[in-house]
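Visitor: Coordinates in final-v9.cif, mmCIF, C-alpha atoms and all ligand atoms, are listed below.
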```cif
data_run
loop_
_atom_site.label_atom_id
_atom_site.label_comp_id
_atom_site.auth_asym_id
_atom_site.auth_seq_id
_atom_site.Cartn_x
_atom_site.Cartn_y
_atom_site.Cartn_z
CA MET A 94 133.70 103.61 128.69
CA ALA A 95 130.31 102.29 127.58
CA VAL A 96 128.97 98.76 128.03
CA GLY A 97 126.05 97.46 125.98
CA ILE A 98 123.38 95.27 127.53
CA PRO A 99 121.28 93.09 125.21
CA GLN A 100 117.70 93.21 126.48
CA ALA A 101 117.08 89.50 126.12
CA LEU A 102 117.63 86.20 128.00
CA GLY A 103 119.40 86.88 131.34
CA TYR A 104 118.58 90.60 131.21
CA HIS A 105 115.00 89.78 132.18
CA TYR A 106 116.23 87.95 135.29
CA TYR A 107 119.15 90.15 136.35
CA ASN A 108 118.24 93.72 135.62
CA PRO A 109 118.28 96.23 137.33
CA LEU A 110 121.32 94.64 138.99
CA TRP A 111 123.37 95.02 135.81
CA THR A 112 122.54 98.63 135.01
CA THR A 113 123.00 99.69 138.65
CA PHE A 114 126.32 97.86 138.88
CA PHE A 115 127.81 99.49 135.80
CA ARG A 116 126.48 102.97 136.52
CA ASP A 117 127.83 102.87 140.07
CA LEU A 118 131.23 102.09 138.59
CA GLY A 119 130.88 105.17 136.41
CA ILE A 120 130.37 103.18 133.21
CA GLU A 121 127.87 104.39 130.63
CA VAL A 122 125.22 101.76 129.88
CA VAL A 123 123.76 101.41 126.40
CA MET A 124 120.65 99.27 126.14
CA SER A 125 119.76 97.40 122.97
CA GLY A 126 116.10 98.50 123.21
CA GLN A 127 112.91 96.48 122.99
CA THR A 128 112.71 93.48 120.69
CA ASP A 129 111.30 94.33 117.27
CA ARG A 130 110.97 92.69 113.85
CA LYS A 131 114.34 93.94 112.65
CA LYS A 132 116.28 92.64 115.66
CA LEU A 133 114.58 89.25 115.56
CA ASP A 134 115.15 88.85 111.82
CA ARG A 135 118.84 89.73 112.17
CA GLY A 136 119.19 87.14 114.92
CA ILE A 137 117.37 84.50 112.87
CA ASN A 138 119.66 85.17 109.91
CA ILE A 139 122.83 84.23 111.80
CA ALA A 140 121.44 81.59 114.18
CA PRO A 141 122.28 77.91 113.73
CA GLY A 142 119.26 75.81 112.74
CA GLU A 143 118.47 74.20 116.08
CA THR A 144 118.50 77.47 118.03
CA CYS A 145 115.52 78.31 120.25
CA LEU A 146 113.57 81.53 119.68
CA PRO A 147 114.93 83.42 122.75
CA LEU A 148 118.49 82.75 121.66
CA LYS A 149 117.77 83.99 118.13
CA CYS A 150 116.29 87.07 119.75
CA TYR A 151 119.43 87.49 121.88
CA LEU A 152 121.63 87.35 118.80
CA GLY A 153 119.58 90.15 117.24
CA HIS A 154 120.02 92.29 120.36
CA ALA A 155 123.77 91.64 120.42
CA LEU A 156 124.01 92.58 116.73
CA ALA A 157 122.15 95.82 117.47
CA LEU A 158 124.93 96.76 119.94
CA ALA A 159 127.94 95.51 117.99
CA GLY A 160 130.21 98.41 117.10
CA LYS A 161 128.20 100.87 119.21
CA THR A 162 129.89 100.26 122.57
CA GLU A 163 133.39 99.31 123.67
CA ARG A 164 132.08 96.13 125.28
CA ILE A 165 128.88 94.08 125.33
CA LEU A 166 127.91 92.22 128.50
CA VAL A 167 127.32 88.55 127.69
CA PRO A 168 126.76 86.45 130.84
CA ARG A 169 127.81 82.85 131.24
CA LEU A 170 125.22 81.29 133.56
CA VAL A 171 126.71 77.98 134.64
CA CYS A 172 125.75 77.04 138.20
CA LEU A 173 123.18 79.24 139.87
CA ARG A 174 122.61 77.30 143.07
CA THR A 175 124.57 74.70 144.98
CA LYS A 176 122.32 73.89 147.97
CA PRO A 177 120.45 71.70 148.59
CA ALA A 178 121.32 70.58 145.07
CA ILE A 179 123.28 71.92 142.14
CA ARG A 180 121.16 73.84 139.66
CA LEU A 181 122.55 74.81 136.28
CA GLY A 182 121.79 77.20 133.46
CA CYS A 183 120.69 75.49 130.25
CA PRO A 184 123.51 74.52 127.83
CA LYS A 185 122.79 77.53 125.64
CA MET A 186 123.17 79.91 128.57
CA ILE A 187 126.42 78.21 129.56
CA GLY A 188 127.81 78.56 126.04
CA LEU A 189 126.43 82.02 125.27
CA PRO A 190 129.76 83.97 125.24
CA ASP A 191 131.34 81.34 122.96
CA MET A 192 128.38 81.50 120.62
CA ILE A 193 128.52 85.31 120.44
CA ARG A 194 132.28 85.22 119.74
CA ALA A 195 131.75 82.67 116.97
CA LEU A 196 128.73 84.28 115.31
CA ILE A 197 129.48 87.99 115.87
CA PRO A 198 133.29 88.20 115.79
CA ASP A 199 133.19 92.03 115.62
CA ALA A 200 131.50 92.24 119.02
CA SER A 201 133.91 92.90 121.87
CA ILE A 202 132.31 91.17 124.80
CA VAL A 203 132.83 91.11 128.54
CA THR A 204 131.53 88.22 130.58
CA VAL A 205 130.23 87.72 134.07
CA ASN A 206 130.80 84.06 134.77
CA ILE A 207 128.31 82.79 137.37
CA ASP A 208 129.39 79.42 138.68
CA LEU A 209 128.59 79.14 142.36
CA ARG A 210 130.60 75.92 142.62
CA GLN A 211 133.70 78.06 141.97
CA GLN A 212 132.96 81.39 143.64
CA SER A 213 130.19 83.60 144.99
CA GLU A 214 128.12 85.82 142.74
CA GLU A 215 129.75 88.86 144.36
CA ALA A 216 133.21 87.51 143.49
CA SER A 217 132.07 86.98 139.90
CA TYR A 218 131.04 90.61 139.60
CA ALA A 219 134.32 91.67 141.20
CA ALA A 220 136.14 89.71 138.49
CA LEU A 221 134.04 91.44 135.83
CA ALA A 222 134.89 94.85 137.31
CA ARG A 223 138.59 93.93 137.49
CA GLU A 224 138.57 93.09 133.79
CA LEU A 225 137.17 96.56 133.15
CA GLY A 226 139.86 98.16 135.30
CA PHE A 227 138.00 98.75 138.58
CA PRO A 228 139.16 97.69 142.05
CA ALA A 229 137.38 94.98 144.06
CA ARG A 230 136.16 97.35 146.79
CA ARG A 231 134.21 99.53 144.34
CA ALA A 232 132.89 96.40 142.63
CA ARG A 233 131.58 95.00 145.92
CA GLN A 234 129.77 98.27 146.69
CA ALA A 235 128.30 98.46 143.19
CA TYR A 236 127.21 94.84 143.36
CA ALA A 237 125.59 95.26 146.79
CA HIS A 238 123.71 98.33 145.57
CA GLY A 239 122.62 96.48 142.42
CA VAL A 240 121.29 93.57 144.48
CA ASP A 241 119.34 95.98 146.72
CA VAL A 242 117.78 97.78 143.75
CA ALA A 243 116.87 94.48 142.07
CA ARG A 244 115.36 93.11 145.27
CA ALA A 245 113.29 96.25 145.80
CA ARG A 246 111.97 96.02 142.22
CA GLN A 247 111.11 92.36 142.69
CA ASN A 248 109.37 93.04 146.01
CA GLU A 249 107.22 95.69 144.32
CA ARG A 250 106.22 93.21 141.63
CA ILE A 251 105.44 90.53 144.20
CA ALA A 252 103.27 92.95 146.21
CA LEU A 253 101.29 93.87 143.08
CA ALA A 254 100.86 90.21 142.10
CA ARG A 255 99.73 89.32 145.61
CA ALA A 256 97.11 92.07 145.48
CA SER A 257 95.92 90.71 142.11
CA VAL A 258 95.58 87.17 143.45
CA GLU A 259 93.69 88.39 146.49
CA SER A 260 91.33 90.67 144.53
CA ASN A 261 87.81 89.38 144.09
CA GLY A 262 85.71 88.84 141.03
CA ARG A 263 87.84 88.32 137.96
CA LEU A 264 89.02 85.07 136.49
CA LYS A 265 92.67 84.52 137.44
CA ILE A 266 95.17 82.91 135.11
CA GLY A 267 98.67 81.88 136.14
CA MET A 268 101.24 82.62 133.44
CA LEU A 269 104.16 80.19 133.40
CA GLY A 270 107.39 80.45 131.45
CA HIS A 271 110.83 81.96 131.31
CA ALA A 272 111.14 85.65 132.15
CA TYR A 273 112.57 86.41 128.69
CA LEU A 274 109.32 85.23 127.12
CA LEU A 275 106.91 86.62 129.70
CA TYR A 276 108.40 90.13 129.74
CA ASP A 277 109.03 90.46 126.01
CA ASP A 278 105.76 91.50 124.39
CA PHE A 279 107.14 91.19 120.88
CA LEU A 280 108.45 87.68 121.42
CA ASN A 281 105.31 86.44 123.16
CA LEU A 282 103.11 88.10 120.52
CA GLY A 283 101.38 90.18 123.17
CA LEU A 284 100.02 87.06 124.85
CA LEU A 285 99.85 88.57 128.35
CA LYS A 286 98.15 91.71 127.04
CA LYS A 287 95.70 89.62 125.01
CA THR A 288 94.86 87.58 128.10
CA ARG A 289 94.25 90.73 130.14
CA ALA A 290 92.09 92.09 127.31
CA THR A 291 89.66 89.18 127.88
CA GLY A 292 89.00 90.60 131.36
CA ALA A 293 91.10 87.99 133.16
CA THR A 294 93.73 88.84 135.77
CA VAL A 295 97.18 87.57 134.82
CA ILE A 296 99.53 86.33 137.54
CA ASN A 297 103.08 86.22 136.18
CA CYS A 298 105.04 83.29 137.64
CA ARG A 299 108.08 85.55 138.05
CA GLU A 300 106.08 87.68 140.45
CA ILE A 301 104.97 85.14 143.01
CA GLU A 302 106.97 83.98 145.98
CA ALA A 303 107.47 80.56 144.52
CA GLY A 304 109.44 79.11 147.40
CA ASP A 305 111.94 76.41 146.84
CA ILE A 306 110.75 73.31 145.06
CA ASP A 307 113.37 71.18 146.81
CA ASP A 308 111.92 72.10 150.17
CA GLY A 309 108.47 70.79 149.24
CA PRO A 310 107.10 67.33 149.92
CA GLY A 311 108.88 66.16 146.81
CA ASP A 312 106.23 64.73 144.55
CA ILE A 313 107.66 66.71 141.64
CA HIS A 314 111.10 65.49 140.66
CA PRO A 315 113.40 68.52 140.63
CA LEU A 316 115.24 69.14 137.41
CA SER A 317 118.89 70.08 137.15
CA TRP A 318 118.13 73.40 135.46
CA TYR A 319 117.76 76.40 137.73
CA PHE A 320 115.16 78.31 135.74
CA GLU A 321 113.10 75.18 135.07
CA ASN A 322 112.89 74.57 138.80
CA HIS A 323 111.43 78.00 139.25
CA VAL A 324 108.81 77.28 136.60
CA LEU A 325 107.99 73.95 138.29
CA SER A 326 107.77 75.56 141.69
CA ALA A 327 105.43 78.25 140.36
CA ALA A 328 103.34 75.60 138.58
CA ARG A 329 102.89 73.82 141.86
CA ARG A 330 101.79 77.04 143.53
CA PHE A 331 99.27 77.71 140.77
CA CYS A 332 97.99 74.13 140.86
CA THR A 333 97.34 74.24 144.59
CA ASP A 334 95.81 77.72 144.74
CA GLU A 335 92.06 77.44 144.21
CA ARG A 336 91.87 81.15 143.28
CA ILE A 337 93.76 80.33 140.05
CA SER A 338 91.36 78.99 137.43
CA GLY A 339 93.84 78.10 134.70
CA ILE A 340 97.47 78.13 133.65
CA VAL A 341 99.01 79.29 130.40
CA TYR A 342 102.44 77.77 129.88
CA LEU A 343 104.54 79.70 127.41
CA CYS A 344 107.60 77.92 126.02
CA SER A 345 109.88 77.93 123.03
CA PHE A 346 110.10 75.47 120.18
CA GLY A 347 113.50 73.81 120.33
CA CYS A 348 113.83 74.17 124.11
CA GLY A 349 114.81 70.76 125.44
CA ALA A 350 114.53 71.88 129.06
CA ALA A 351 110.98 73.17 128.67
CA SER A 352 109.82 69.99 126.94
CA ILE A 353 110.76 68.03 130.09
CA THR A 354 109.29 70.68 132.40
CA ALA A 355 106.00 70.50 130.51
CA GLU A 356 105.85 66.73 131.01
CA VAL A 357 106.41 67.08 134.75
CA ILE A 358 103.76 69.80 135.08
CA GLU A 359 101.25 67.78 133.09
CA SER A 360 101.83 64.74 135.27
CA GLU A 361 101.36 66.92 138.36
CA ILE A 362 98.07 68.25 136.97
CA GLY A 363 97.12 64.69 136.04
CA ARG A 364 97.58 63.66 139.68
CA GLY A 365 94.39 65.37 140.69
CA HIS A 366 94.89 69.14 140.67
CA PRO A 367 91.79 70.50 138.94
CA VAL A 368 93.58 73.20 136.92
CA HIS A 369 93.38 73.49 133.15
CA MET A 370 96.55 74.31 131.29
CA LEU A 371 97.03 75.81 127.85
CA LYS A 372 100.51 75.20 126.48
CA VAL A 373 101.69 77.71 123.90
CA VAL A 374 104.86 76.86 121.99
CA LEU A 375 106.44 79.84 120.27
CA ASP A 376 108.75 80.07 117.31
CA GLU A 377 109.26 82.72 114.64
CA HIS A 378 106.43 81.25 112.56
CA THR A 379 103.80 81.40 115.28
CA GLY A 380 100.92 83.65 114.19
CA GLU A 381 99.47 86.37 116.41
CA THR A 382 95.90 85.70 115.29
CA GLY A 383 96.13 82.04 116.22
CA ILE A 384 97.42 82.95 119.67
CA ALA A 385 94.54 85.39 120.22
CA THR A 386 91.98 82.75 119.21
CA ARG A 387 93.46 80.13 121.51
CA ILE A 388 93.55 82.51 124.47
CA GLU A 389 89.97 83.64 123.93
CA SER A 390 88.75 80.04 123.67
CA PHE A 391 90.68 79.07 126.79
CA VAL A 392 89.24 81.98 128.79
CA ASP A 393 85.71 81.19 127.53
CA MET A 394 86.12 77.59 128.65
CA LEU A 395 87.39 78.65 132.09
CA ASN A 396 84.53 81.13 132.50
CA LEU A 397 81.94 78.47 131.63
CA ARG A 398 83.49 76.09 134.12
CA ARG A 399 83.53 78.80 136.77
CA GLU A 400 79.86 79.64 136.19
CA ARG A 401 78.94 75.99 136.59
CA GLU A 402 80.79 75.86 139.89
CA LEU A 403 79.15 79.00 141.34
S1 LIG B 501 116.13 77.28 128.54
FE1 LIG B 501 115.28 76.72 126.56
S2 LIG B 501 114.47 78.64 125.72
FE2 LIG B 501 115.90 79.17 127.36
S3 LIG B 501 117.85 79.52 126.31
FE3 LIG B 501 117.81 77.39 127.03
S4 LIG B 501 117.04 76.23 125.25
FE4 LIG B 501 116.54 78.39 124.91
#
```
For the structure just supplied, provide its representation as structure tokens.
Ligand code: SF4
Guide:
Amino acid sequence: MAVGIPQALGYHYYNPLWTTFFRDLGIEVVMSGQTDRKKLDRGINIAPGETCLPLKCYLGHALALAGKTERILVPRLVCLRTKPAIRLGCPKMIGLPDMIRALIPDASIVTVNIDLRQQSEEASYAALARELGFPARRARQAYAHGVDVARARQNERIALARASVESNGRLKIGMLGHAYLLYDDFLNLGLLKKTRATGATVINCREIEAGDIDDGPGDIHPLSWYFENHVLSAARRFCTDERISGIVYLCSFGCGAASITAEVIESEIGRGHPVHMLKVVLDEHTGETGIATRIESFVDMLNLRREREL
């Protein structure tokens, strides 16, 4: 049996858990590959009008796998934390399997349904394995191994990011946004690479130990969405770290959650944290040249400010 994994949306948060889990069960894994023009255009062609860019991208990845594997993994991310408060996936992540069934009826999908109000994540993966014909004991082992591999990967990233923050000399820019934008060079139009090309050090918000926003003093109002809370928590860390000179906030046109997150971050910055923020809103019409110009201007401005302060 082969299972396809679209390299978009949740993939950027959950892998290598997924690939390890399936391979440990003895299932062949077929990846959709990096995002490219063809995938994105195919996704755009079938997406409803109000769809955000990452979801259009996901549709393109799912189309690339349709008919190539027996099943395609399409997660349903409903409730991702219950304590100290319930934190949800955005409505599009909750409805993703239904959307794929409606828009790509040829795709045979299998779902991992993460709703921590109902059952643990481990139990959700056991249910996924059961649907594929594997017993719970093997599923638990495969899940535990997947979690270990994913944690080790994340710890490596965090160690590298920590070394970058602590290094001397270069301008440091905190990069905020969802993992599926930050790690997809095609979708973000090479924004992270372009920022590094200016000589600045980029600190990816997925690679800092952001802590838990609900455990803080509470002057940011936590949002109901799990991934938005991570962005907010990271924004707070960037805003209060004097080694970070500026923040680039990458978000998607048509993302209701991000539009609220941006407001909260801006009000936090407005409450006295001396950090400049460049907000970049992406859609399929965003031009690469315009992005490069904005990044270069932002870095120039931060460098001038830094020179004045030295
Ligand atoms: S959080 Fe925003 S960008 Fe992400 S899938 Fe939901 S609507 Fe799209």
Visitor: At a cut-off of 6 Å and counting all atoms listed in the file, what residues surround ligand LIG 501 (chain B)? Please answer as a list in words.
Guide: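 Residues satisfying the distance criterion: Cys145, Pro147, Leu148, Cys183, Lys185, Met186, Ser345, Cys348, Gly349, Ala350 and Ala351 of chain A.
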Visitor: Could you tell me which of A:Asn322, A:Thr162, A:Asn281, A:Gln234 comes closest to Val203 in chain A if we count all atoms listed in the file?
Guide: A:Thr162
Visitor: Within 8 Å of Leu395 in chain A, counting all atoms listed in the file, which residues qualify if same-chain residues fewer than 2 places away don't, as a list in words?
Guide: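 The filter keeps Leu264, Ser338, Gly339, His369, Phe391, Val392, Asp393, Leu397, Arg398 and Arg399 of chain A.
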Visitor: Tell me which of A:Ile384, A:Val240, A:Leu269, A:Leu274 sits closest to Met370 in chain A, counting all atoms listed in the file.
Guide: A:Leu269
Visitor: Given the choices A:Ile98, A:Met124, A:Cys150, A:Ile137, which gets closest to Leu166 in chain A if the distance is worked out from all atoms listed in the file?
Guide: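 Checking each of A:Ile98, A:Met124, A:Cys150, A:Ile137 against Leu166 in chain A, counting all atoms listed in the file, the winner is A:Ile98.
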Visitor: Can you work out which one of A:Ile251, A:Ala140, A:Phe320, A:Leu118 has the shortest atom-to-atom distance to Leu173 in chain A, counting all atoms listed in the file?
Guide: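 Nearest to Leu173 in chain A: A:Phe320.
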Visitor: Any idea what's packed within 12 Å of Asn396 in chain A, counting only C-alpha atoms, ignoring anything in its chain fewer than 4 positions away? Could you give it as a compact mmCIF listing (two decimals) with C-alpha atoms, keeping the file's coordinate frame?
Guide:
```
# COMPACT_ATOMS: atom_id res chain seq x y z
CA GLY A 262 85.71 88.84 141.03
CA ARG A 263 87.84 88.32 137.96
CA LEU A 264 89.02 85.07 136.49
CA LYS A 265 92.67 84.52 137.44
CA ILE A 266 95.17 82.91 135.11
CA THR A 291 89.66 89.18 127.88
CA GLY A 292 89.00 90.60 131.36
CA ALA A 293 91.10 87.99 133.16
CA ILE A 337 93.76 80.33 140.05
CA SER A 338 91.36 78.99 137.43
CA GLY A 339 93.84 78.10 134.70
CA HIS A 369 93.38 73.49 133.15
CA GLU A 389 89.97 83.64 123.93
CA SER A 390 88.75 80.04 123.67
CA PHE A 391 90.68 79.07 126.79
CA VAL A 392 89.24 81.98 128.79
CA GLU A 400 79.86 79.64 136.19
CA ARG A 401 78.94 75.99 136.59
CA GLU A 402 80.79 75.86 139.89
CA LEU A 403 79.15 79.00 141.34
```
Visitor: Record the distance separating CA of Ile179 in chain A and CA of Ala355 in chain A, expressed in Å with one decimal.
Guide: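 Answer for the CA of Ile179 in chain A to CA of Ala355 in chain A separation: 20.9 Å.
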Visitor: I want to know what sits within 7 Å of Met94 in chain A, based on only C-alpha atoms, with residues of the same chain fewer than 3 positions away left out; could you give that as a count of residues only?
Guide: 3
Visitor: Quick check, in Å to one decimal: how far apart do CA of Met394 in chain A and CA of Leu253 in chain A lie?
Guide: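 Separating CA of Met394 in chain A from CA of Leu253 in chain A is a distance of 26.5 Å.
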Visitor: Report as an NGL selection string all protein, DNA and RNA residues lying within 9 Å of Gln127 in chain A, evaluated on only C-alpha atoms, omitting residues in the same chain fewer than 3 positions from it.
Guide: :A and (100-101 or 124 or 132 or 154 or 277-279)
Visitor: Between CA of Pro184 in chain A and CA of Glu143 in chain A, what is the distance, to one decimal in Å?
Guide: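 Between CA of Pro184 in chain A and CA of Glu143 in chain A the gap is 12.8 Å.
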Visitor: Just want the 10 Å neighbourhood of Arg174 in chain A, counted on only C-alpha atoms, with same-chain residues fewer than 4 positions away dropped. Output as number ranges by chain.
Guide: A: 178-182, 207-210, 318-319
Visitor: Mind working out the centre and edge lengths of an axis-aligned box for range 272-291 of chain A, all listed atoms inside, 8 Å added to each side, rounded to one decimal in Å and written as JSON?
Guide:
```
{"center_x": 101.1, "center_y": 88.7, "center_z": 126.3, "size_x": 38.9, "size_y": 22.9, "size_z": 27.6}
```
Visitor: Check the smallest atom-to-atom distance from each of A:Met192, A:Val205, A:Ala155, A:Ile358 to Pro168 in chain A using all atoms listed in the file, then report the winner.
Guide: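 Residue with the minimum atom-to-atom distance to Pro168 in chain A: A:Val205.
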Visitor: Regenerate range 383-402 of chain A at the level of N, CA and C atoms and dump it as a compact mmCIF listing (two decimals), in the coordinates of the input.
Guide:
```txt
# COMPACT_ATOMS: atom_id res chain seq x y z
N GLY A 383 96.36 83.35 115.63
CA GLY A 383 96.13 82.04 116.22
C GLY A 383 96.26 82.06 117.73
N ILE A 384 97.23 82.84 118.22
CA ILE A 384 97.42 82.95 119.67
C ILE A 384 96.18 83.60 120.30
N ALA A 385 95.69 84.67 119.67
CA ALA A 385 94.54 85.39 120.22
C ALA A 385 93.34 84.45 120.30
N THR A 386 93.13 83.66 119.23
CA THR A 386 91.98 82.75 119.21
C THR A 386 92.09 81.70 120.32
N ARG A 387 93.28 81.17 120.48
CA ARG A 387 93.46 80.13 121.51
C ARG A 387 93.23 80.70 122.91
N ILE A 388 93.74 81.90 123.15
CA ILE A 388 93.55 82.51 124.47
C ILE A 388 92.07 82.78 124.73
N GLU A 389 91.39 83.34 123.72
CA GLU A 389 89.97 83.64 123.93
C GLU A 389 89.17 82.38 124.20
N SER A 390 89.46 81.31 123.46
CA SER A 390 88.75 80.04 123.67
C SER A 390 89.04 79.50 125.06
N PHE A 391 90.29 79.59 125.47
CA PHE A 391 90.68 79.07 126.79
C PHE A 391 89.94 79.84 127.89
N VAL A 392 89.92 81.16 127.77
CA VAL A 392 89.24 81.98 128.79
C VAL A 392 87.75 81.68 128.79
N ASP A 393 87.14 81.53 127.60
CA ASP A 393 85.71 81.19 127.53
C ASP A 393 85.44 79.88 128.27
N MET A 394 86.29 78.89 128.01
CA MET A 394 86.12 77.59 128.65
C MET A 394 86.23 77.71 130.18
N LEU A 395 87.22 78.49 130.64
CA LEU A 395 87.39 78.65 132.09
C LEU A 395 86.20 79.39 132.70
N ASN A 396 85.69 80.39 131.97
CA ASN A 396 84.53 81.13 132.50
C ASN A 396 83.30 80.24 132.61
N LEU A 397 83.09 79.40 131.59
CA LEU A 397 81.94 78.47 131.63
C LEU A 397 82.06 77.53 132.83
N ARG A 398 83.26 77.03 133.02
CA ARG A 398 83.49 76.09 134.12
C ARG A 398 83.24 76.81 135.46
N ARG A 399 83.69 78.03 135.52
CA ARG A 399 83.53 78.80 136.77
C ARG A 399 82.05 79.06 137.06
N GLU A 400 81.29 79.39 135.99
CA GLU A 400 79.86 79.64 136.19
C GLU A 400 79.15 78.40 136.69
N ARG A 401 79.57 77.25 136.15
CA ARG A 401 78.94 75.99 136.59
C ARG A 401 79.22 75.72 138.06
N GLU A 402 80.40 76.16 138.50
CA GLU A 402 80.79 75.86 139.89
C GLU A 402 80.15 76.81 140.89
```
